[in-house]
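S.K.: final_3.csv (CSV, C-alpha atoms and all ligand atoms) pasted underneath:
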chain,number,residue,atom,x,y,z
A,1,MET,CA,123.7,120.6,56.8
A,2,GLU,CA,119.9,120.7,57.4
A,3,TYR,CA,117.5,119.3,59.9
A,4,ILE,CA,113.8,119.4,60.9
A,5,ALA,CA,113.2,120.3,64.6
A,6,ILE,CA,110.3,118.7,66.5
A,7,VAL,CA,109.7,121.0,69.6
A,8,LEU,CA,107.6,119.5,72.3
A,9,ALA,CA,105.2,121.7,74.2
A,10,ALA,CA,102.2,119.3,74.8
A,11,GLY,CA,102.8,118.6,78.5
A,12,GLN,CA,101.0,120.1,81.5
A,13,GLY,CA,104.0,121.4,83.5
A,14,LYS,CA,102.6,120.0,86.7
A,15,ARG,CA,105.8,120.1,88.6
A,16,MET,CA,106.3,123.8,87.8
A,17,ASN,CA,103.0,124.5,89.7
A,18,ALA,CA,102.3,127.6,87.6
A,19,GLY,CA,98.6,127.0,87.3
A,20,GLU,CA,99.0,126.5,83.5
A,21,ASN,CA,101.4,124.9,81.1
A,22,LYS,CA,104.9,126.2,81.9
A,23,GLN,CA,105.5,126.9,78.2
A,24,PHE,CA,103.5,130.2,78.7
A,25,ILE,CA,105.6,131.5,81.6
A,26,THR,CA,107.2,134.8,80.7
A,27,LEU,CA,111.0,134.7,81.1
A,28,VAL,CA,112.2,138.3,81.1
A,29,ASP,CA,110.7,139.5,77.8
A,30,GLN,CA,108.8,136.6,76.2
A,31,PRO,CA,107.2,133.2,76.9
A,32,LEU,CA,109.4,130.2,77.5
A,33,ILE,CA,108.2,128.4,74.4
A,34,ILE,CA,109.1,131.5,72.2
A,35,HIS,CA,112.6,131.5,73.7
A,36,THR,CA,113.0,127.9,72.6
A,37,LEU,CA,111.5,128.4,69.1
A,38,GLN,CA,113.7,131.4,68.5
A,39,VAL,CA,116.8,129.3,68.9
A,40,PHE,CA,115.7,127.1,65.9
A,41,ALA,CA,114.1,130.0,64.0
A,42,LYS,CA,117.5,131.8,64.0
A,43,ASP,CA,119.5,128.7,63.0
A,44,ALA,CA,120.1,128.6,59.3
A,45,TRP,CA,120.5,124.8,59.4
A,46,CYS,CA,117.0,124.3,60.7
A,47,LYS,CA,114.7,123.7,57.6
A,48,SER,CA,111.4,123.8,59.5
A,49,ILE,CA,109.9,123.3,62.9
A,50,VAL,CA,107.1,120.9,64.0
A,51,LEU,CA,105.6,122.3,67.2
A,52,VAL,CA,103.7,119.7,69.2
A,53,VAL,CA,101.0,121.2,71.5
A,54,ASN,CA,98.0,119.9,73.4
A,55,SER,CA,94.6,120.3,71.7
A,56,ARG,CA,93.3,122.7,74.4
A,57,GLU,CA,96.1,125.1,73.8
A,58,LYS,CA,96.4,124.9,70.0
A,59,GLN,CA,94.7,128.2,69.3
A,60,ARG,CA,96.5,130.1,72.0
A,61,ILE,CA,99.9,128.8,70.8
A,62,GLU,CA,99.1,129.6,67.2
A,63,GLN,CA,98.3,133.2,68.1
A,64,LEU,CA,101.4,133.5,70.2
A,65,VAL,CA,103.6,132.1,67.4
A,66,ASP,CA,102.0,134.5,64.9
A,67,GLY,CA,102.5,137.4,67.2
A,68,PHE,CA,106.2,136.9,67.4
A,69,SER,CA,106.7,136.5,63.6
A,70,LEU,CA,109.3,133.8,63.9
A,71,GLN,CA,111.4,133.5,60.7
A,72,LYS,CA,110.8,129.9,60.0
A,73,ASP,CA,108.1,127.6,58.6
A,74,ILE,CA,106.3,126.3,61.7
A,75,CYS,CA,103.8,123.4,61.5
A,76,ILE,CA,101.7,123.0,64.7
A,77,VAL,CA,100.4,119.5,65.5
A,78,GLU,CA,98.5,118.0,68.4
A,79,GLY,CA,100.4,115.8,70.9
A,80,GLY,CA,99.4,113.0,73.1
A,81,ALA,CA,99.0,112.1,76.8
A,82,GLU,CA,102.7,110.9,77.1
A,83,ARG,CA,105.8,112.6,75.8
A,84,GLN,CA,106.6,109.6,73.7
A,85,GLU,CA,103.2,109.8,72.1
A,86,SER,CA,103.7,113.5,71.4
A,87,VAL,CA,107.0,112.7,69.6
A,88,PHE,CA,105.5,110.0,67.5
A,89,LYS,CA,102.7,112.4,66.4
A,90,GLY,CA,105.3,114.9,65.5
A,91,LEU,CA,107.2,112.3,63.5
A,92,ARG,CA,104.1,111.2,61.7
A,93,SER,CA,103.5,114.7,60.4
A,94,ILE,CA,106.9,114.8,58.7
A,95,ASN,CA,106.9,113.8,55.0
A,96,ASP,CA,110.6,113.7,54.4
A,97,PRO,CA,112.1,110.3,55.0
A,98,GLU,CA,115.6,111.4,54.1
A,99,SER,CA,115.8,114.1,56.7
A,100,LEU,CA,117.7,114.5,59.9
A,101,VAL,CA,115.3,115.1,62.8
A,102,PHE,CA,116.0,116.9,66.0
A,103,ILE,CA,113.7,116.2,68.9
A,104,HIS,CA,113.8,118.9,71.6
A,105,ASP,CA,111.9,119.8,74.8
A,106,GLY,CA,110.1,123.1,74.5
A,107,ALA,CA,111.2,123.6,78.1
A,108,ARG,CA,114.9,123.8,77.2
A,109,PRO,CA,115.4,127.3,75.9
A,110,PHE,CA,119.2,127.6,76.4
A,111,VAL,CA,120.7,125.3,73.8
A,112,THR,CA,123.2,127.1,71.7
A,113,ARG,CA,123.8,127.1,67.9
A,114,ASP,CA,127.3,125.7,68.4
A,115,HIS,CA,125.9,122.6,70.1
A,116,LEU,CA,123.1,122.2,67.6
A,117,HIS,CA,125.7,122.2,64.8
A,118,LYS,CA,128.0,119.7,66.5
A,119,LEU,CA,125.0,117.5,67.1
A,120,ALA,CA,123.9,117.8,63.4
A,121,GLU,CA,127.4,116.9,62.2
A,122,VAL,CA,127.7,113.7,64.3
A,123,ALA,CA,124.1,112.6,63.7
A,124,SER,CA,124.4,113.0,59.9
A,125,GLN,CA,127.4,110.7,60.0
A,126,LYS,CA,126.2,108.2,62.6
A,127,GLN,CA,122.4,108.3,62.4
A,128,ALA,CA,121.8,108.8,66.1
A,129,ALA,CA,123.2,111.3,68.7
A,130,LEU,CA,122.2,113.3,71.7
A,131,LEU,CA,123.5,116.1,73.8
A,132,ALA,CA,124.6,115.0,77.3
A,133,VAL,CA,126.8,116.2,80.1
A,134,PRO,CA,129.0,114.3,82.5
A,135,VAL,CA,127.2,113.5,85.8
A,136,THR,CA,128.6,115.6,88.6
A,137,ASP,CA,126.8,114.0,91.6
A,138,THR,CA,127.8,110.6,93.1
A,139,ILE,CA,125.0,108.2,92.1
A,140,LYS,CA,123.9,105.4,94.3
A,141,GLU,CA,122.0,102.3,93.3
A,142,ARG,CA,119.7,100.9,96.0
A,143,ASN,CA,118.6,97.3,95.7
A,144,GLY,CA,116.6,96.5,98.9
A,145,GLU,CA,119.2,96.8,101.7
A,146,LYS,CA,122.2,96.8,99.4
A,147,LEU,CA,123.7,100.1,98.3
A,148,THR,CA,126.3,100.4,95.5
A,149,THR,CA,128.1,103.4,94.1
A,150,LEU,CA,128.1,103.7,90.4
A,151,ASP,CA,131.3,104.6,88.5
A,152,ARG,CA,130.7,108.2,87.8
A,153,SER,CA,133.3,108.4,85.0
A,154,VAL,CA,131.0,106.5,82.7
A,155,LEU,CA,127.7,108.3,83.6
A,156,TRP,CA,126.2,111.0,81.4
A,157,ALA,CA,123.0,113.0,82.0
A,158,ALA,CA,120.9,113.0,78.8
A,159,GLN,CA,119.6,116.3,77.4
A,160,THR,CA,117.8,117.3,74.2
A,161,PRO,CA,118.0,117.9,71.3
A,162,GLN,CA,118.4,114.2,70.4
A,163,ALA,CA,119.1,113.8,66.6
A,164,PHE,CA,118.3,110.9,64.3
A,165,GLN,CA,117.9,110.0,60.7
A,166,PHE,CA,114.2,110.0,60.2
A,167,ASP,CA,113.8,106.3,59.2
A,168,LEU,CA,115.7,105.1,62.2
A,169,ILE,CA,113.7,107.1,64.8
A,170,TYR,CA,110.4,106.4,63.1
A,171,LYS,CA,111.2,102.6,63.2
A,172,ALA,CA,112.3,102.9,66.9
A,173,HIS,CA,109.0,104.6,67.9
A,174,LYS,CA,106.9,102.2,65.9
A,175,SER,CA,108.5,99.2,67.5
A,176,ALA,CA,108.2,100.7,71.0
A,177,LEU,CA,104.5,101.3,70.3
A,178,ASP,CA,104.0,97.7,69.1
A,179,GLU,CA,105.8,96.4,72.2
A,180,ALA,CA,104.1,98.9,74.6
A,181,PHE,CA,107.6,100.0,75.7
A,182,ILE,CA,107.8,103.5,77.2
A,183,GLY,CA,111.4,104.9,77.3
A,184,THR,CA,112.4,108.0,79.3
A,185,ASP,CA,113.9,109.6,76.2
A,186,ASP,CA,114.0,109.0,72.4
A,187,ALA,CA,117.6,107.7,72.3
A,188,SER,CA,116.5,104.8,74.6
A,189,LEU,CA,114.1,103.6,71.9
A,190,VAL,CA,116.9,103.5,69.4
A,191,GLU,CA,119.2,101.8,71.9
A,192,LYS,CA,116.5,99.2,72.3
A,193,LEU,CA,116.8,98.3,68.6
A,194,GLY,CA,120.5,97.6,69.3
A,195,TYR,CA,121.6,100.6,67.3
A,196,PRO,CA,124.5,102.7,68.7
A,197,VAL,CA,123.8,106.2,69.8
A,198,GLN,CA,126.6,108.8,70.0
A,199,ILE,CA,127.1,111.3,72.8
A,200,VAL,CA,127.9,114.9,71.9
A,201,GLU,CA,129.1,116.8,75.0
A,202,GLY,CA,126.7,119.6,75.7
A,203,SER,CA,126.5,122.4,78.3
A,204,TYR,CA,125.3,122.5,81.9
A,205,GLN,CA,123.4,125.6,80.9
A,206,ASN,CA,121.1,123.6,78.7
A,207,ILE,CA,118.7,123.0,81.6
A,208,LYS,CA,115.1,121.8,81.4
A,209,LEU,CA,112.8,124.1,83.3
A,210,THR,CA,110.9,121.6,85.5
A,211,THR,CA,110.4,123.1,89.0
A,212,PRO,CA,109.9,126.7,90.2
A,213,GLU,CA,113.6,126.8,91.3
A,214,ASP,CA,114.6,126.3,87.7
A,215,LEU,CA,112.9,129.7,86.9
A,216,GLU,CA,115.4,131.5,89.1
A,217,ARG,CA,118.3,129.8,87.3
A,218,ALA,CA,116.7,130.6,83.9
A,219,HIS,CA,116.4,134.3,84.8
A,220,SER,CA,120.0,134.4,85.9
A,221,ILE,CA,121.2,132.7,82.7
A,222,LEU,CA,119.2,135.3,80.7
A,223,LYS,CA,120.5,138.2,82.7
A,224,SER,CA,124.1,137.1,82.5
A,225,GLY,CA,123.7,137.0,78.8
A,226,ILE,CA,125.7,133.8,78.3
A,227,LYS,CA,123.1,132.7,75.8
A,228,GLU,CA,125.1,132.5,72.6
A,229,ILE,CA,122.3,132.4,70.0
A,301,LIG,N1,105.6,117.0,76.6
A,301,LIG,C1,104.8,116.7,75.5
A,301,LIG,N2,103.7,115.9,75.6
A,301,LIG,C2,103.5,115.2,76.7
A,301,LIG,C3,104.3,115.4,77.9
A,301,LIG,C4,105.4,116.3,77.7
A,301,LIG,O1,105.0,117.3,74.4
A,301,LIG,N3,102.4,114.4,76.8
A,301,LIG,C5,106.7,117.9,76.5
A,301,LIG,C6,106.6,119.0,77.5
A,301,LIG,O2,105.8,120.1,77.0
A,301,LIG,C7,108.1,119.5,77.7
A,301,LIG,C8,108.9,118.2,77.4
A,301,LIG,O3,108.0,117.3,76.8
A,301,LIG,O4,108.5,120.5,76.9
A,301,LIG,C9,109.6,117.6,78.6
A,301,LIG,O5,108.6,117.1,79.5
A,301,LIG,P1,108.5,117.7,81.0
A,301,LIG,O6,109.6,118.5,81.4
A,301,LIG,O7,108.1,116.5,81.9
A,301,LIG,O8,107.2,118.7,80.9
A,301,LIG,P2,105.7,118.5,81.4
A,301,LIG,O9,105.3,117.1,81.1
A,301,LIG,O10,104.9,119.6,80.8
A,301,LIG,O11,105.9,118.7,83.0
A,301,LIG,P3,105.4,117.8,84.2
A,301,LIG,O12,106.0,116.4,83.9
A,301,LIG,O13,106.0,118.5,85.4
A,301,LIG,O14,103.9,117.8,84.1
A,302,MG,MG,106.3,115.4,82.1
If you convert what's in this file into structure tokens, what do you get?
M.R.:
Amino acid sequence: MEYIAIVLAAGQGKRMNAGENKQFITLVDQPLIIHTLQVFAKDAWCKSIVLVVNSREKQRIEQLVDGFSLQKDICIVEGGAERQESVFKGLRSINDPESLVFIHDGARPFVTRDHLHKLAEVASQKQAALLAVPVTDTIKERNGEKLTTLDRSVLWAAQTPQAFQFDLIYKAHKSALDEAFIGTDDASLVEKLGYPVQIVEGSYQNIKLTTPEDLERAHSILKSGIKEI
């Protein structure tokens, strides 16, 4: 089974407060974005990688990627102001309408090959799937003065990668753009078309590095060596 990975790195990492894009932060031995790219570079099912970066950092990332000699064809494209725009620019650079496309946050370095393959298997059968984990917190909905408690047994926290047949995700992004709809993830754009999206249960270790506290967790994950890839 084969897929093309779109890896997103065109954000600014404001909440990380590192003074620069969090993708460049060194985690133990190498920058965050290299950890993430390595996962796909080492996966035989990954045909190629589209790395989405912001225009100011294109050269820096190119040099970084060259320096680590990753064993995969990597095409670097410029992203946009919003994550959704960055994804669409990545999709537009793909000239392979039959392919399966994985969309992944550059800031999630701990996804394992096992989960990538489970996701690929489901997405190739059903056209659309994402990694997600059961919500462990109790979630409240507040509407003015009224508080309700949601049924946790049906709640899932969405992660990436999210995987789609190319035509389906392209159509979903195009129609979101036409309707000026901004979703919080790619699956939500497909859901909006009325197309069913499958959940593949992932791991709580597949965190997105968002705030400085996440860096501590990332270091401890790397040190404990649970990373399977
Ligand atoms: N991303 C992107 N293009 C954007 C915004 C985000 O490619 N215009 C990418 C980020 O680089 C990141 C992923 O989408 O890998 C998830 O976004 P997030 O965690 O929000 O990262 P940032 O937007 O960089 O961080 P912040 O929101 O704190 O500024
Ligand atoms: Mg952001």
S.K.: Pick out the residues no farther than 12 Å from ligand MG 302 (chain A), counting all atoms listed in the file, and list them as a ChimeraX atom specification.
M.R.: /A:8-16,21-22,80-86,105-107,184-185,208-211
S.K.: Using all atoms listed in the file, which protein or nucleic acid residues come within 12 Å of Leu64 in chain A? Drop anything in the same chain fewer than 2 positions from it, and give the result as a PyMOL selection string.
M.R.: chain A and resi 23-24+30-35+37+57-62+66-70+76
S.K.: Would you please work out which residue, of A:Arg92, A:Arg56, A:His104, A:Lys72, is nearest to ligand LIG 301 (chain A) when using only C-alpha atoms and all ligand atoms?
M.R.: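 When distances to ligand LIG 301 (chain A) are compared using only C-alpha atoms and all ligand atoms, the smallest one comes from A:His104.
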S.K.: Measuring between all atoms listed in the file, which one of A:Asp186, A:Glu213, A:Glu78, A:Asp29 shows the shortest distance to Val53 in chain A?
M.R.: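 Counting all atoms listed in the file, the residue closest to Val53 in chain A is A:Glu78.
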S.K.: Using all atoms listed in the file, pick whichever of A:Pro134, A:Gly194, A:Gly144, A:Gly202 has the shortest atom-to-atom distance to Gln162 in chain A.
M.R.: A:Gly202
S.K.: Counting only C-alpha atoms, write as number ranges by chain all protein and nucleic acid residues lying at most 10 Å from (124.6, 121.4, 56.4) in the file's frame.
M.R.: A: 1-3, 44-46, 117, 120-121, 124
S.K.: One number please: atom O8 of ligand LIG 301 (chain A) to CA of Ser55 in chain A, in Å, one decimal.
M.R.: 15.7 Å
S.K.: Which one of A:Val52, A:Leu147, A:Ile4, A:Ala18 sits closest to ligand LIG 301 (chain A) if you count only C-alpha atoms and all ligand atoms?
M.R.: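 The answer is A:Val52, which sits nearest to ligand LIG 301 (chain A).
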S.K.: Which one is closest to Lys171 in chain A: A:Val87, A:Thr148, A:Leu189, A:Ala132? Count all atoms listed in the file.
M.R.: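 Of A:Val87, A:Thr148, A:Leu189, A:Ala132, the one nearest Lys171 in chain A is A:Leu189, counting all atoms listed in the file.
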S.K.: Kindly indicate which residue among A:Asp73, A:Thr112, A:Leu27, A:Gly79 lies nearest to ligand LIG 301 (chain A), using only C-alpha atoms and all ligand atoms for the distances.
M.R.: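 Among the listed residues, A:Gly79 lies closest to ligand LIG 301 (chain A).
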S.K.: Quick one: pull the distance between CA of Pro196 in chain A and CA of Asp178 in chain A, Å, one decimal.
M.R.: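 Computing the Euclidean distance for CA of Pro196 in chain A and CA of Asp178 in chain A yields 21.1 Å.
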S.K.: May I ask for the distance between CA of Lys47 in chain A and CA of Leu119 in chain A, given in Å to one decimal place?
M.R.: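 One can read the CA of Lys47 in chain A to CA of Leu119 in chain A distance as 15.3 Å.
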S.K.: So which residues touch range 136-141 of chain A within 10 Å, counting all atoms listed in the file, skipping near sequence neighbours fewer than 5 positions away, as a ChimeraX atom specification?
M.R.: /A:146-153,155-157
S.K.: Once you have the residues from the selection above, write them out as an mmCIF file, in the coordinates of the input, restricted to C-alpha atoms.
M.R.:
data_model
loop_
_atom_site.group_PDB
_atom_site.id
_atom_site.type_symbol
_atom_site.label_atom_id
_atom_site.label_comp_id
_atom_site.auth_asym_id
_atom_site.auth_seq_id
_atom_site.Cartn_x
_atom_site.Cartn_y
_atom_site.Cartn_z
ATOM 1 C CA LYS A 146 122.200 96.800 99.400
ATOM 2 C CA LEU A 147 123.700 100.100 98.300
ATOM 3 C CA THR A 148 126.300 100.400 95.500
ATOM 4 C CA THR A 149 128.100 103.400 94.100
ATOM 5 C CA LEU A 150 128.100 103.700 90.400
ATOM 6 C CA ASP A 151 131.300 104.600 88.500
ATOM 7 C CA ARG A 152 130.700 108.200 87.800
ATOM 8 C CA SER A 153 133.300 108.400 85.000
ATOM 9 C CA LEU A 155 127.700 108.300 83.600
ATOM 10 C CA TRP A 156 126.200 111.000 81.400
ATOM 11 C CA ALA A 157 123.000 113.000 82.000
#
S.K.: For a cutoff of 9 Å around the file-coordinate point (124.9, 109.4, 66.7), which residues qualify once you count only C-alpha atoms? I'd like the result as a list of chain:residue names.
M.R.: A:Leu119, A:Val122, A:Ala123, A:Ser124, A:Gln125, A:Lys126, A:Gln127, A:Ala128, A:Ala129, A:Leu130, A:Gln162, A:Ala163, A:Phe164, A:Pro196, A:Val197, A:Gln198, A:Ile199, A:Val200
